[in-house]
file target.cif (mmCIF, C-alpha atoms and all ligand atoms)
data_data
#
loop_
_atom_site.label_atom_id
_atom_site.label_comp_id
_atom_site.auth_asym_id
_atom_site.auth_seq_id
_atom_site.Cartn_x
_atom_site.Cartn_y
_atom_site.Cartn_z
CA MET M 164 11.04 20.07 8.42
CA LEU M 165 8.31 17.54 7.92
CA ASN M 166 5.93 18.87 10.51
CA SER M 167 5.83 22.26 8.92
CA HIS M 168 2.98 23.25 6.67
CA LYS M 169 5.49 24.09 3.97
CA SER M 170 6.45 20.47 3.40
CA THR M 171 2.86 19.31 2.89
CA SER M 172 2.01 22.10 0.53
CA SER M 173 5.15 21.62 -1.53
CA ILE M 174 4.32 17.90 -2.00
CA PHE M 175 0.81 18.91 -2.95
CA ILE M 176 2.05 21.51 -5.43
CA ALA M 177 4.46 18.95 -6.90
CA ILE M 178 1.59 16.49 -7.52
CA LEU M 179 -0.56 19.18 -9.07
CA ALA M 180 2.28 20.41 -11.30
CA ALA M 181 3.01 16.83 -12.42
CA LEU M 182 -0.65 16.22 -13.24
CA LEU M 183 -1.08 19.46 -15.17
CA LEU M 184 2.19 19.14 -17.08
CA GLY M 185 1.57 15.46 -17.88
CA ILE M 186 -1.98 16.04 -19.12
CA GLY M 187 -0.98 19.27 -20.92
CA LEU M 188 1.91 17.71 -22.83
CA ARG M 189 -0.23 14.71 -23.86
CA GLN M 190 -2.44 17.10 -25.82
CA PHE M 191 0.41 17.67 -28.29
CA ASN M 192 0.21 14.07 -29.52
CA PHE M 193 3.90 13.80 -30.39
CA ASP M 194 4.71 10.79 -32.59
CA GLN M 195 7.92 10.58 -30.72
CA ALA M 196 8.77 12.66 -27.68
CA PRO M 197 11.15 15.53 -28.67
CA ALA M 198 14.76 15.15 -27.49
CA ILE M 199 14.38 17.72 -24.70
CA LEU M 200 11.34 15.84 -23.33
CA SER M 201 13.14 12.51 -23.47
CA PHE M 202 16.02 14.08 -21.57
CA PHE M 203 13.56 15.42 -18.99
CA PHE M 204 12.05 11.91 -18.63
CA GLN M 205 15.51 10.55 -18.05
CA ILE M 206 16.12 13.09 -15.28
CA CYS M 207 12.72 12.28 -13.75
CA ASP M 208 13.63 8.61 -13.76
CA TRP M 209 16.92 9.30 -11.95
CA VAL M 210 15.28 11.53 -9.35
CA ALA M 211 12.41 9.05 -8.78
CA GLN M 212 14.82 6.14 -8.41
CA LEU M 213 17.05 8.05 -5.99
CA PHE M 214 14.05 9.04 -3.87
CA LEU M 215 12.65 5.49 -3.79
CA ARG M 216 16.07 3.99 -3.06
CA ALA M 217 16.57 6.37 -0.14
CA LEU M 218 13.17 5.39 1.33
CA LYS M 219 13.87 1.69 0.86
CA LEU M 220 17.35 2.11 2.34
CA ILE M 221 15.98 3.49 5.56
CA MET M 222 13.05 1.06 5.79
CA VAL M 223 14.69 -2.07 7.26
CA PRO M 224 16.86 -0.39 9.93
CA LEU M 225 13.94 1.87 10.87
CA VAL M 226 11.49 -1.03 11.23
CA LEU M 227 13.98 -3.13 13.17
CA CYS M 228 15.02 -0.39 15.60
CA SER M 229 11.47 0.96 16.02
CA ILE M 230 9.83 -2.36 16.85
CA VAL M 231 12.61 -3.55 19.17
CA ALA M 232 12.80 -0.18 20.96
CA SER M 233 9.03 0.02 21.26
CA LEU M 234 8.59 -3.47 22.72
CA ALA M 235 11.63 -3.32 24.96
CA THR M 236 10.50 -0.03 26.52
CA LEU M 237 6.80 -0.87 26.80
CA SER M 238 5.80 -0.30 30.42
CA PRO M 239 5.95 -3.51 32.46
CA ASN M 240 2.21 -3.47 33.19
CA GLN M 241 1.41 -3.57 29.46
CA SER M 242 1.43 -6.97 27.85
CA ILE M 243 2.87 -7.43 24.38
CA GLY M 244 0.46 -10.31 23.79
CA LYS M 245 -2.54 -8.09 24.51
CA LEU M 246 -1.26 -5.26 22.32
CA GLY M 247 -0.51 -7.74 19.52
CA ALA M 248 -3.91 -9.42 19.76
CA LYS M 249 -5.70 -6.06 19.83
CA THR M 250 -3.74 -4.80 16.82
CA LEU M 251 -4.19 -7.95 14.75
CA SER M 252 -7.91 -8.26 15.44
CA TYR M 253 -8.40 -4.61 14.55
CA TYR M 254 -6.50 -5.12 11.27
CA LEU M 255 -8.59 -8.14 10.37
CA ALA M 256 -11.85 -6.34 11.17
CA SER M 257 -11.00 -3.21 9.20
CA SER M 258 -9.87 -5.22 6.15
CA LEU M 259 -13.10 -7.21 6.34
CA VAL M 260 -15.11 -3.97 6.29
CA ALA M 261 -13.12 -2.85 3.22
CA VAL M 262 -13.65 -6.14 1.35
CA LEU M 263 -17.38 -6.05 2.09
CA ILE M 264 -17.63 -2.50 0.75
CA GLY M 265 -15.90 -3.71 -2.44
CA LEU M 266 -18.18 -6.75 -2.67
CA ILE M 267 -21.35 -4.70 -2.36
CA ILE M 268 -20.26 -2.03 -4.86
CA VAL M 269 -19.00 -4.48 -7.50
CA ASN M 270 -22.32 -6.36 -7.28
CA LEU M 271 -24.32 -3.15 -7.53
CA ILE M 272 -22.42 -1.58 -10.45
CA GLN M 273 -21.53 -4.85 -12.23
CA PRO M 274 -18.65 -3.34 -14.23
CA GLY M 275 -18.10 -6.58 -16.17
CA PHE M 276 -21.61 -6.49 -17.66
CA ASP M 277 -23.05 -4.50 -20.51
CA ASN M 278 -26.88 -4.43 -20.50
CA GLY M 279 -27.00 -7.41 -18.16
CA LYS M 280 -24.64 -9.55 -20.32
CA PRO M 281 -20.86 -10.07 -20.05
CA ASN M 282 -19.15 -7.16 -21.80
CA GLU M 283 -17.93 -8.54 -25.17
CA ASP M 284 -15.33 -5.81 -25.81
CA ILE M 285 -13.59 -6.40 -22.52
CA ARG M 286 -13.91 -10.15 -22.96
CA SER M 287 -12.07 -9.99 -26.27
CA LEU M 288 -9.44 -7.85 -24.59
CA PHE M 289 -9.00 -10.64 -22.03
CA MET M 290 -8.96 -13.32 -24.74
CA ASN M 291 -6.43 -11.63 -27.02
CA GLY M 292 -4.22 -10.07 -24.38
CA GLU M 293 -2.79 -6.59 -24.34
CA GLN M 294 0.87 -5.64 -24.27
CA THR M 295 2.08 -4.63 -20.88
CA SER M 296 4.55 -1.81 -20.58
CA SER M 297 6.48 -3.42 -17.80
CA GLU M 298 8.66 -6.43 -18.47
CA ASP M 299 9.25 -6.90 -14.78
CA LEU M 300 5.55 -7.16 -14.04
CA SER M 301 4.80 -9.52 -16.91
CA ASN M 302 7.57 -11.74 -15.58
CA LYS M 303 5.84 -11.71 -12.20
CA VAL M 304 2.58 -12.71 -13.87
CA GLU M 305 4.37 -15.54 -15.64
CA VAL M 306 5.93 -16.82 -12.43
CA ALA M 307 2.63 -16.52 -10.56
CA SER M 308 0.76 -18.34 -13.30
CA GLN M 309 2.76 -21.45 -12.53
CA ARG M 310 1.61 -21.41 -8.94
CA ASP M 311 -1.28 -23.14 -7.31
CA ALA M 312 -3.28 -23.01 -4.12
CA GLY M 313 -0.41 -24.62 -2.17
CA ASP M 314 1.47 -21.36 -2.56
CA PHE M 315 -0.74 -19.77 0.07
CA LEU M 316 1.80 -21.49 2.31
CA ASP M 317 4.32 -18.93 1.07
CA ILE M 318 2.68 -16.42 3.34
CA LEU M 319 3.47 -18.60 6.33
CA TYR M 320 7.04 -19.09 5.20
CA LYS M 321 7.49 -15.34 4.90
CA ILE M 322 6.68 -14.98 8.60
CA ILE M 323 9.67 -17.10 9.60
CA PRO M 324 12.51 -16.51 7.15
CA GLU M 325 15.48 -18.84 7.13
CA ASN M 326 18.13 -16.20 6.67
CA LEU M 327 17.95 -12.87 8.44
CA PHE M 328 20.37 -11.12 6.12
CA ALA M 329 18.59 -12.35 3.00
CA THR M 330 15.40 -10.91 4.52
CA PHE M 331 17.11 -7.58 5.14
CA SER M 332 18.09 -7.39 1.49
CA ASP M 333 14.67 -8.34 0.11
CA ASN M 334 12.40 -5.31 -0.02
CA GLY M 335 9.26 -7.41 -0.24
CA ALA M 336 10.06 -9.47 2.86
CA LEU M 337 9.32 -7.01 5.64
CA LEU M 338 7.20 -9.61 7.42
CA GLY M 339 10.33 -11.61 8.31
CA VAL M 340 12.08 -8.53 9.68
CA ILE M 341 9.02 -7.83 11.84
CA THR M 342 8.96 -11.37 13.30
CA PHE M 343 12.63 -11.12 14.15
CA ALA M 344 12.21 -7.68 15.71
CA ILE M 345 9.23 -8.83 17.82
CA ALA M 346 11.20 -11.86 19.04
CA MET M 347 14.13 -9.60 19.90
CA GLY M 348 11.89 -7.11 21.73
CA ILE M 349 10.29 -9.88 23.81
CA ALA M 350 13.68 -11.41 24.59
CA LEU M 351 14.98 -8.04 25.81
CA ARG M 352 12.04 -7.77 28.21
CA LYS M 353 12.78 -11.19 29.63
CA LEU M 354 16.49 -10.56 30.26
CA PRO M 355 17.87 -8.94 33.40
CA LEU M 356 18.42 -5.20 32.99
CA GLN M 357 22.17 -5.60 33.03
CA SER M 358 22.11 -7.72 29.87
CA SER M 359 19.25 -6.00 28.08
CA GLN M 360 20.09 -2.35 28.65
CA PRO M 361 23.02 -1.92 26.20
CA MET M 362 21.03 -3.45 23.33
CA THR M 363 17.83 -1.52 24.20
CA GLN M 364 19.80 1.71 24.35
CA PHE M 365 21.42 0.89 21.02
CA MET M 366 18.01 0.34 19.42
CA ILE M 367 16.54 3.54 20.90
CA SER M 368 19.47 5.53 19.62
CA GLY M 369 19.26 3.72 16.25
CA GLN M 370 15.60 4.71 15.97
CA GLU M 371 16.44 8.38 16.61
CA VAL M 372 19.15 8.26 13.95
CA MET M 373 16.78 6.70 11.39
CA ILE M 374 14.10 9.29 12.12
CA THR M 375 16.62 12.09 11.57
CA ILE M 376 17.65 10.57 8.23
CA THR M 377 13.96 10.21 7.27
CA ASN M 378 13.53 13.93 7.86
CA TRP M 379 16.35 14.61 5.44
CA ILE M 380 14.82 12.32 2.83
CA MET M 381 11.53 14.15 3.24
CA LEU M 382 13.19 17.37 2.11
CA ALA M 383 13.54 15.74 -1.30
CA ALA M 384 9.94 14.47 -1.32
CA PRO M 385 8.43 17.18 -3.58
CA PHE M 386 11.03 16.43 -6.28
CA GLY M 387 10.66 12.66 -5.86
CA VAL M 388 6.89 12.87 -6.01
CA PHE M 389 6.94 15.03 -9.15
CA ALA M 390 9.43 12.68 -10.83
CA LEU M 391 7.22 9.67 -10.06
CA ILE M 392 3.90 11.15 -11.16
CA PHE M 393 4.72 13.20 -14.24
CA PRO M 394 5.92 10.30 -16.47
CA THR M 395 3.02 8.12 -15.23
CA VAL M 396 0.45 10.71 -16.25
CA TYR M 397 2.18 11.43 -19.54
CA ASN M 398 2.61 7.78 -20.54
CA THR M 399 -0.74 6.39 -19.45
CA GLY M 400 -2.73 5.31 -22.47
CA LEU M 401 -6.28 6.64 -22.44
CA VAL M 402 -7.77 3.99 -24.74
CA LEU M 403 -7.70 1.24 -22.15
CA PHE M 404 -8.98 3.65 -19.53
CA VAL M 405 -12.05 4.29 -21.63
CA GLN M 406 -12.63 0.58 -22.24
CA LEU M 407 -12.15 -0.31 -18.58
CA GLY M 408 -13.76 2.94 -17.40
CA LYS M 409 -16.66 1.32 -15.53
CA TYR M 410 -14.25 -0.99 -13.73
CA PHE M 411 -11.99 1.92 -12.89
CA THR M 412 -14.92 3.92 -11.51
CA THR M 413 -16.11 0.94 -9.43
CA VAL M 414 -12.71 0.52 -7.78
CA VAL M 415 -12.26 4.25 -7.14
CA LEU M 416 -15.80 4.55 -5.76
CA ALA M 417 -15.35 1.60 -3.39
CA LEU M 418 -11.97 2.89 -2.22
CA GLY M 419 -13.53 6.35 -1.79
CA VAL M 420 -16.33 4.94 0.39
CA HIS M 421 -13.79 3.22 2.61
CA LEU M 422 -11.60 6.33 2.87
CA LEU M 423 -14.30 8.94 3.23
CA VAL M 424 -17.04 7.05 5.07
CA ALA M 425 -15.74 3.97 6.90
CA ILE M 426 -12.42 5.39 8.17
CA PRO M 427 -13.95 8.74 9.36
CA LEU M 428 -16.71 6.80 11.18
CA ILE M 429 -14.09 4.63 12.91
CA LEU M 430 -12.07 7.72 13.83
CA HIS M 431 -15.11 9.52 15.14
CA TYR M 432 -16.70 6.70 17.12
CA LEU M 433 -13.74 4.56 18.19
CA ALA M 434 -10.89 7.06 18.48
CA LYS M 435 -13.07 10.10 19.24
CA VAL M 436 -10.92 12.36 17.06
CA SER M 437 -11.84 14.70 14.22
CA PRO M 438 -11.42 12.93 10.86
CA ILE M 439 -10.56 16.26 9.23
CA ALA M 440 -7.75 16.93 11.69
CA PHE M 441 -6.55 13.36 11.15
CA PHE M 442 -6.42 13.66 7.36
CA LYS M 443 -4.69 17.04 7.64
CA ALA M 444 -2.06 15.57 9.92
CA MET M 445 -1.55 12.56 7.66
CA ARG M 446 -1.31 14.50 4.38
CA PRO M 447 2.45 14.06 3.75
CA ALA M 448 2.19 10.29 4.23
CA LEU M 449 -0.99 9.96 2.16
CA LEU M 450 0.48 11.97 -0.71
CA THR M 451 3.72 10.00 -0.60
CA ALA M 452 1.75 6.72 -0.61
CA PHE M 453 -0.18 7.98 -3.62
CA SER M 454 3.00 8.88 -5.47
CA THR M 455 5.12 5.85 -4.65
CA ALA M 456 2.36 3.18 -4.70
CA SER M 457 4.33 1.44 -1.98
CA SER M 458 3.25 1.09 1.66
CA ALA M 459 6.68 -0.16 2.64
CA SER M 460 8.52 2.78 1.10
CA THR M 461 6.07 5.20 2.70
CA LEU M 462 6.53 3.67 6.16
CA PRO M 463 9.24 6.07 7.39
CA ILE M 464 6.95 9.00 6.56
CA THR M 465 3.87 7.31 8.03
CA LEU M 466 5.74 6.79 11.30
CA ASN M 467 6.83 10.39 11.31
CA CYS M 468 3.33 11.79 10.69
CA VAL M 469 1.59 9.50 13.18
CA GLU M 470 4.08 10.32 15.94
CA LYS M 471 4.77 13.98 15.34
CA ARG M 472 1.50 15.23 13.91
CA VAL M 473 -1.19 12.89 15.28
CA GLY M 474 0.63 12.52 18.58
CA VAL M 475 0.56 8.72 18.97
CA SER M 476 3.30 7.51 21.33
CA LYS M 477 6.46 6.00 19.89
CA GLU M 478 5.72 2.69 21.65
CA THR M 479 2.35 2.27 19.96
CA SER M 480 3.19 3.62 16.52
CA SER M 481 6.49 1.78 16.25
CA PHE M 482 4.72 -1.51 16.82
CA THR M 483 1.44 -1.03 14.96
CA LEU M 484 2.64 0.79 11.82
CA PRO M 485 5.43 -1.51 10.58
CA LEU M 486 3.09 -4.45 11.20
CA GLY M 487 0.27 -2.61 9.44
CA ALA M 488 2.41 -1.76 6.41
CA THR M 489 2.59 -5.45 5.54
CA VAL M 490 -0.37 -7.05 7.27
CA ASN M 491 -3.11 -4.42 7.11
CA MET M 492 -3.94 -3.60 3.52
CA ASP M 493 -7.56 -2.50 3.33
CA GLY M 494 -7.25 -0.96 -0.12
CA THR M 495 -5.50 -4.03 -1.47
CA ALA M 496 -8.02 -6.49 0.02
CA LEU M 497 -10.90 -4.44 -1.38
CA TYR M 498 -9.22 -4.25 -4.78
CA GLU M 499 -8.54 -7.98 -4.94
CA CYS M 500 -12.21 -8.71 -4.29
CA VAL M 501 -13.47 -6.22 -6.89
CA ALA M 502 -10.95 -7.32 -9.54
CA VAL M 503 -11.69 -11.05 -9.19
CA ILE M 504 -15.47 -10.58 -9.35
CA PHE M 505 -15.08 -8.20 -12.30
CA VAL M 506 -13.03 -10.74 -14.29
CA ALA M 507 -15.60 -13.44 -13.45
CA GLN M 508 -18.42 -11.18 -14.69
CA VAL M 509 -16.59 -10.50 -17.95
CA MET M 510 -15.82 -14.19 -18.50
CA GLY M 511 -19.44 -15.10 -17.81
CA VAL M 512 -18.62 -17.18 -14.73
CA GLU M 513 -21.56 -17.13 -12.33
CA LEU M 514 -20.43 -16.75 -8.74
CA GLY M 515 -22.99 -17.65 -6.09
CA TRP M 516 -22.90 -16.10 -2.63
CA LEU M 517 -20.90 -19.04 -1.34
CA ALA M 518 -18.23 -18.60 -4.02
CA GLN M 519 -18.19 -14.86 -3.35
CA GLY M 520 -17.79 -15.59 0.36
CA GLY M 521 -14.76 -17.72 -0.53
CA ILE M 522 -13.33 -14.82 -2.52
CA VAL M 523 -13.85 -12.46 0.44
CA ILE M 524 -11.89 -14.80 2.70
CA THR M 525 -9.07 -15.40 0.23
CA ALA M 526 -8.82 -11.67 -0.54
CA LEU M 527 -8.56 -11.03 3.19
CA LEU M 528 -5.89 -13.68 3.74
CA THR M 529 -3.79 -12.92 0.68
CA SER M 530 -3.81 -9.20 1.43
CA ILE M 531 -1.91 -10.08 4.61
CA GLY M 532 0.91 -11.65 2.62
CA VAL M 533 1.04 -9.09 -0.19
CA ALA M 534 4.26 -7.06 -0.02
CA GLY M 535 3.97 -3.30 0.30
CA ILE M 536 5.43 -2.65 -3.15
CA PRO M 537 3.86 -1.47 -6.44
CA SER M 538 1.43 -3.85 -8.16
CA ALA M 539 2.11 -6.61 -5.65
CA SER M 540 -1.55 -7.55 -5.35
CA LEU M 541 -1.85 -8.56 -9.01
CA VAL M 542 -0.06 -11.79 -8.20
CA ALA M 543 -2.56 -12.48 -5.40
CA ILE M 544 -5.45 -11.72 -7.77
CA LEU M 545 -4.06 -14.17 -10.29
CA LEU M 546 -3.83 -16.80 -7.59
CA ILE M 547 -7.46 -16.27 -6.55
CA LEU M 548 -8.65 -16.30 -10.18
CA LYS M 549 -6.88 -19.59 -10.74
CA THR M 550 -8.15 -21.22 -7.56
CA SER M 551 -11.69 -20.04 -8.42
CA ASN M 552 -11.31 -21.66 -11.89
CA ILE M 553 -11.94 -18.44 -13.78
CA PRO M 554 -10.59 -18.85 -17.34
CA ASN M 555 -8.04 -16.62 -19.10
CA ALA M 556 -6.70 -15.41 -15.78
CA GLU M 557 -3.22 -14.53 -17.09
CA LEU M 558 -4.44 -12.44 -20.03
CA ALA M 559 -7.01 -10.69 -17.84
CA ILE M 560 -4.27 -9.75 -15.38
CA ILE M 561 -2.09 -8.41 -18.16
CA ALA M 562 -4.98 -6.23 -19.35
CA LEU M 563 -5.61 -4.98 -15.80
CA LEU M 564 -1.92 -4.28 -15.46
CA SER M 565 -2.15 -1.64 -18.15
CA VAL M 566 -4.41 0.50 -15.98
CA ASP M 567 -2.94 -0.57 -12.69
CA ARG M 568 -0.67 2.31 -11.76
CA LEU M 569 -3.38 4.83 -10.88
CA LEU M 570 -5.44 2.23 -9.04
CA ASP M 571 -2.33 1.06 -7.22
CA MET M 572 -1.58 4.64 -6.16
CA SER M 573 -5.11 5.00 -4.83
CA ARG M 574 -5.27 1.68 -2.97
CA THR M 575 -1.85 2.28 -1.40
CA MET M 576 -3.13 5.60 -0.06
CA ILE M 577 -6.07 3.74 1.51
CA ASN M 578 -3.68 1.16 2.97
CA ILE M 579 -1.70 3.92 4.67
CA ALA M 580 -4.81 5.79 5.87
CA SER M 581 -6.06 2.59 7.46
CA ASP M 582 -2.71 1.86 9.17
CA ALA M 583 -2.62 5.34 10.63
CA CYS M 584 -6.26 5.10 11.68
CA ALA M 585 -5.49 1.80 13.43
CA ALA M 586 -2.54 3.33 15.29
CA THR M 587 -4.80 6.21 16.40
CA VAL M 588 -7.59 3.90 17.59
CA ILE M 589 -5.14 1.66 19.47
CA ALA M 590 -3.35 4.65 21.04
CA LYS M 591 -6.71 5.96 22.26
CA SER M 592 -7.64 2.56 23.65
CA GLN M 593 -4.35 2.61 25.63
CA GLY M 594 -5.42 5.91 27.16
CA GLU M 595 -2.95 8.08 25.22
CA LYS M 596 -3.48 11.81 24.76
CA LEU M 597 -3.26 12.83 21.11
CA LYS M 598 -2.41 16.12 19.39
CA ILE M 599 -5.49 16.14 17.16
N1 LIG G 601 1.05 -1.23 -3.81
C1 LIG G 601 0.33 -1.71 -2.66
C2 LIG G 601 1.03 -1.26 -1.40
O1 LIG G 601 2.21 -1.08 -1.40
C3 LIG G 601 0.17 -3.20 -2.70
C4 LIG G 601 -0.75 -3.58 -3.84
O2 LIG G 601 -1.98 -3.52 -3.64
O3 LIG G 601 -0.29 -3.92 -4.93
O4 LIG G 601 0.40 -1.09 -0.38
#
call {"tool": "encode", "arguments": {"input": "target.cif", "output": "structure tokens"}}
result
Amino acid sequence: MLNSHKSTSSIFIAILAALLLGIGLRQFNFDQAPAILSFFFQICDWVAQLFLRALKLIMVPLVLCSIVASLATLSPNQSIGKLGAKTLSYYLASSLVAVLIGLIIVNLIQPGFDNGKPNEDIRSLFMNGEQTSSEDLSNKVEVASQRDAGDFLDILYKIIPENLFATFSDNGALLGVITFAIAMGIALRKLPLQSSQPMTQFMISGQEVMITITNWIMLAAPFGVFALIFPTVYNTGLVLFVQLGKYFTTVVLALGVHLLVAIPLILHYLAKVSPIAFFKAMRPALLTAFSTASSASTLPITLNCVEKRVGVSKETSSFTLPLGATVNMDGTALYECVAVIFVAQVMGVELGWLAQGGIVITALLTSIGVAGIPSASLVAILLILKTSNIPNAELAIIALLSVDRLLDMSRTMINIASDACAATVIAKSQGEKLKI
């Protein structure tokens, strides 16, 4: 099962095998992939889709049951308001730390400059556009390009959806499910036991059922992870990577500082736990986040790791993690800030400290509304570029899109690490005894 060592190492081996095979086969420089390889790609696509669909399938019922059960069974002397305020302020603070790390590193490295001047090669890339491999994503860019600052209101609308069932069927709308679940949990606490108990019991039992199904899905994780990573590695064009190499390095470095310096410091000083033990315990979730590039799809596994391996109580993890999967996106906030300042550097737009401060705040706010699905933050970046009057925003985004998958995988892993770190810190602050 998931808490065995075997599961973690098989996911790890699957990632390694996918990387080696993908890089190895690229060396052959086929004009056209041979029939057997195309067939293998097709199988990978089926396996990847089945794995992702299973994770998405379980997501809504798991989030609903977990939050309701957690709030309804929270001990009477604990206030939901206090827990909520503590969680939200922690999320805001940790995302702010991440954005500031991004801001400092992008200003130090200046990836958009070449010898102190805007990089002409990248600028012409942004002026002429570059074909994107994904029709779906270019459609998103097109839709987003027609938006304006007023669309920040969309975030608010997502919090209170108008149709519960439409929310259930929209994978990007987890925020609405969370609001409904919180309202339901609070209502159950207010009702007399006689009325609340059947529903609370139903939700507790529902949560157990969903966790059992998650364990089954996890058995397929090594295959799903391989099927997701191998085609990505094989298909990723290296030319753009070389051109945008400095940008790529800046993002990875900033994300690395947050993951390997900021989060361990928080764990050590605030949660008083060993960062190494924490990362070991969280490995299945971190590797799944890396492979799927989706915080929402990884949520069932995050919940499992935080409860079973880190030892955070069900009450705390079931409330903080689903909320964190949509609201707390440190990697995404950091990335938005770096990407916007990079595009401004390339386009020769001077951003003073005040303008950069504005970008920090908008990156922070939009990261709250970004859905936990692949490449979701590109739409937010486009919005910030447009509101900051940076020219050629659409073409720049399309160019960034071409190298987005690997960066998306990395920032999603940071998003999950930060959610789990938050759950650990909050559990400790509630006086819980952990396993690590
Ligand atoms: N893929 C990210 C996530 O699911 C969101 C993003 O930054 O695009 O957490």
call {"tool": "closest_residue", "arguments": {"input": "target.cif", "among": "M:Gln190, M:Thr451, M:Thr363, M:Asn578", "to": "ligand LIG 601 (chain G)", "atoms": "all atoms listed in the file"}}
result
M:Asn578
call {"tool": "residues_around", "arguments": {"input": "target.cif", "residues": "Thr489 in chain M", "least_positions_apart": "3", "cutoff": "8 Å", "atoms": "all atoms listed in the file", "output": "ChimeraX atom specification"}}
result
/M:337-338,458-459,485-486,492,531-535
call {"tool": "residues_near_ligand", "arguments": {"input": "target.cif", "ligand": "ligand LIG 601 (chain G)", "cutoff": "9 Å", "atoms": "only C-alpha atoms and all ligand atoms", "output": "number ranges by chain"}}
result
M: 452, 455-461, 488-489, 491-496, 498-499, 530, 533-543, 567-568, 570-579
call {"tool": "residues_around", "arguments": {"input": "target.cif", "residues": "Thr330 in chain M", "least_positions_apart": "5", "cutoff": "12 Å", "atoms": "all atoms listed in the file", "output": "VMD selection string"}}
result
chain M and resid 223 to 224 227 320 to 325 335 to 343
call {"tool": "atom_distance", "arguments": {"input": "target.cif", "atom1": "CA of Phe453 in chain M", "atom2": "CA of Ile504 in chain M"}}
result
24.7 Å
call {"tool": "atom_distance", "arguments": {"input": "target.cif", "atom1": "CA of Ala232 in chain M", "atom2": "CA of Leu356 in chain M"}}
result
14.2 Å
call {"tool": "atom_distance", "arguments": {"input": "target.cif", "atom1": "CA of Leu422 in chain M", "atom2": "CA of Val469 in chain M"}}
result
17.0 Å
call {"tool": "residues_around", "arguments": {"input": "target.cif", "residues": "range 430-440 of chain M", "least_positions_apart": "2", "cutoff": "7 Å", "atoms": "all atoms listed in the file", "output": "count of residues only"}}
result
11
call {"tool": "build_atoms", "arguments": {"input": "target.cif", "residues": "range 275-286 of chain M", "atoms": "N, CA, C and O atoms", "output": "PDB file, keeping the file's coordinate frame"}}
result
ATOM      1  N   GLY M 275     -18.440  -5.612 -15.122  1.00  0.00           N
ATOM      2  CA  GLY M 275     -18.100  -6.580 -16.170  1.00  0.00           C
ATOM      3  C   GLY M 275     -19.271  -6.836 -17.127  1.00  0.00           C
ATOM      4  O   GLY M 275     -19.131  -7.575 -18.102  1.00  0.00           O
ATOM      5  N   PHE M 276     -20.423  -6.259 -16.834  1.00  0.00           N
ATOM      6  CA  PHE M 276     -21.610  -6.490 -17.660  1.00  0.00           C
ATOM      7  C   PHE M 276     -21.934  -5.273 -18.512  1.00  0.00           C
ATOM      8  O   PHE M 276     -21.669  -4.135 -18.146  1.00  0.00           O
ATOM      9  N   ASP M 277     -22.553  -5.571 -19.648  1.00  0.00           N
ATOM     10  CA  ASP M 277     -23.050  -4.500 -20.510  1.00  0.00           C
ATOM     11  C   ASP M 277     -24.496  -4.882 -20.798  1.00  0.00           C
ATOM     12  O   ASP M 277     -24.747  -5.954 -21.385  1.00  0.00           O
ATOM     13  N   ASN M 278     -25.446  -4.094 -20.373  1.00  0.00           N
ATOM     14  CA  ASN M 278     -26.880  -4.430 -20.500  1.00  0.00           C
ATOM     15  C   ASN M 278     -27.212  -5.818 -19.966  1.00  0.00           C
ATOM     16  O   ASN M 278     -27.878  -6.615 -20.635  1.00  0.00           O
ATOM     17  N   GLY M 279     -26.677  -6.139 -18.812  1.00  0.00           N
ATOM     18  CA  GLY M 279     -27.000  -7.410 -18.160  1.00  0.00           C
ATOM     19  C   GLY M 279     -26.250  -8.622 -18.723  1.00  0.00           C
ATOM     20  O   GLY M 279     -26.419  -9.743 -18.236  1.00  0.00           O
ATOM     21  N   LYS M 280     -25.407  -8.415 -19.757  1.00  0.00           N
ATOM     22  CA  LYS M 280     -24.640  -9.550 -20.320  1.00  0.00           C
ATOM     23  C   LYS M 280     -23.147  -9.264 -20.181  1.00  0.00           C
ATOM     24  O   LYS M 280     -22.750  -8.093 -20.145  1.00  0.00           O
ATOM     25  N   PRO M 281     -22.308 -10.335 -20.141  1.00  0.00           N
ATOM     26  CA  PRO M 281     -20.860 -10.070 -20.050  1.00  0.00           C
ATOM     27  C   PRO M 281     -20.410  -9.145 -21.173  1.00  0.00           C
ATOM     28  O   PRO M 281     -20.827  -9.306 -22.324  1.00  0.00           O
ATOM     29  N   ASN M 282     -19.595  -8.168 -20.829  1.00  0.00           N
ATOM     30  CA  ASN M 282     -19.150  -7.160 -21.800  1.00  0.00           C
ATOM     31  C   ASN M 282     -18.204  -7.791 -22.842  1.00  0.00           C
ATOM     32  O   ASN M 282     -17.100  -8.229 -22.513  1.00  0.00           O
ATOM     33  N   GLU M 283     -18.672  -7.840 -24.107  1.00  0.00           N
ATOM     34  CA  GLU M 283     -17.930  -8.540 -25.170  1.00  0.00           C
ATOM     35  C   GLU M 283     -16.597  -7.871 -25.486  1.00  0.00           C
ATOM     36  O   GLU M 283     -15.607  -8.545 -25.742  1.00  0.00           O
ATOM     37  N   ASP M 284     -16.577  -6.512 -25.471  1.00  0.00           N
ATOM     38  CA  ASP M 284     -15.330  -5.810 -25.810  1.00  0.00           C
ATOM     39  C   ASP M 284     -14.236  -6.151 -24.818  1.00  0.00           C
ATOM     40  O   ASP M 284     -13.097  -6.440 -25.197  1.00  0.00           O
ATOM     41  N   ILE M 285     -14.630  -6.122 -23.541  1.00  0.00           N
ATOM     42  CA  ILE M 285     -13.590  -6.400 -22.520  1.00  0.00           C
ATOM     43  C   ILE M 285     -13.212  -7.884 -22.593  1.00  0.00           C
ATOM     44  O   ILE M 285     -12.054  -8.247 -22.444  1.00  0.00           O
ATOM     45  N   ARG M 286     -14.222  -8.727 -22.885  1.00  0.00           N
ATOM     46  CA  ARG M 286     -13.910 -10.150 -22.960  1.00  0.00           C
ATOM     47  C   ARG M 286     -12.868 -10.411 -24.069  1.00  0.00           C
ATOM     48  O   ARG M 286     -11.917 -11.159 -23.879  1.00  0.00           O
TER      49      ARG M 286
END
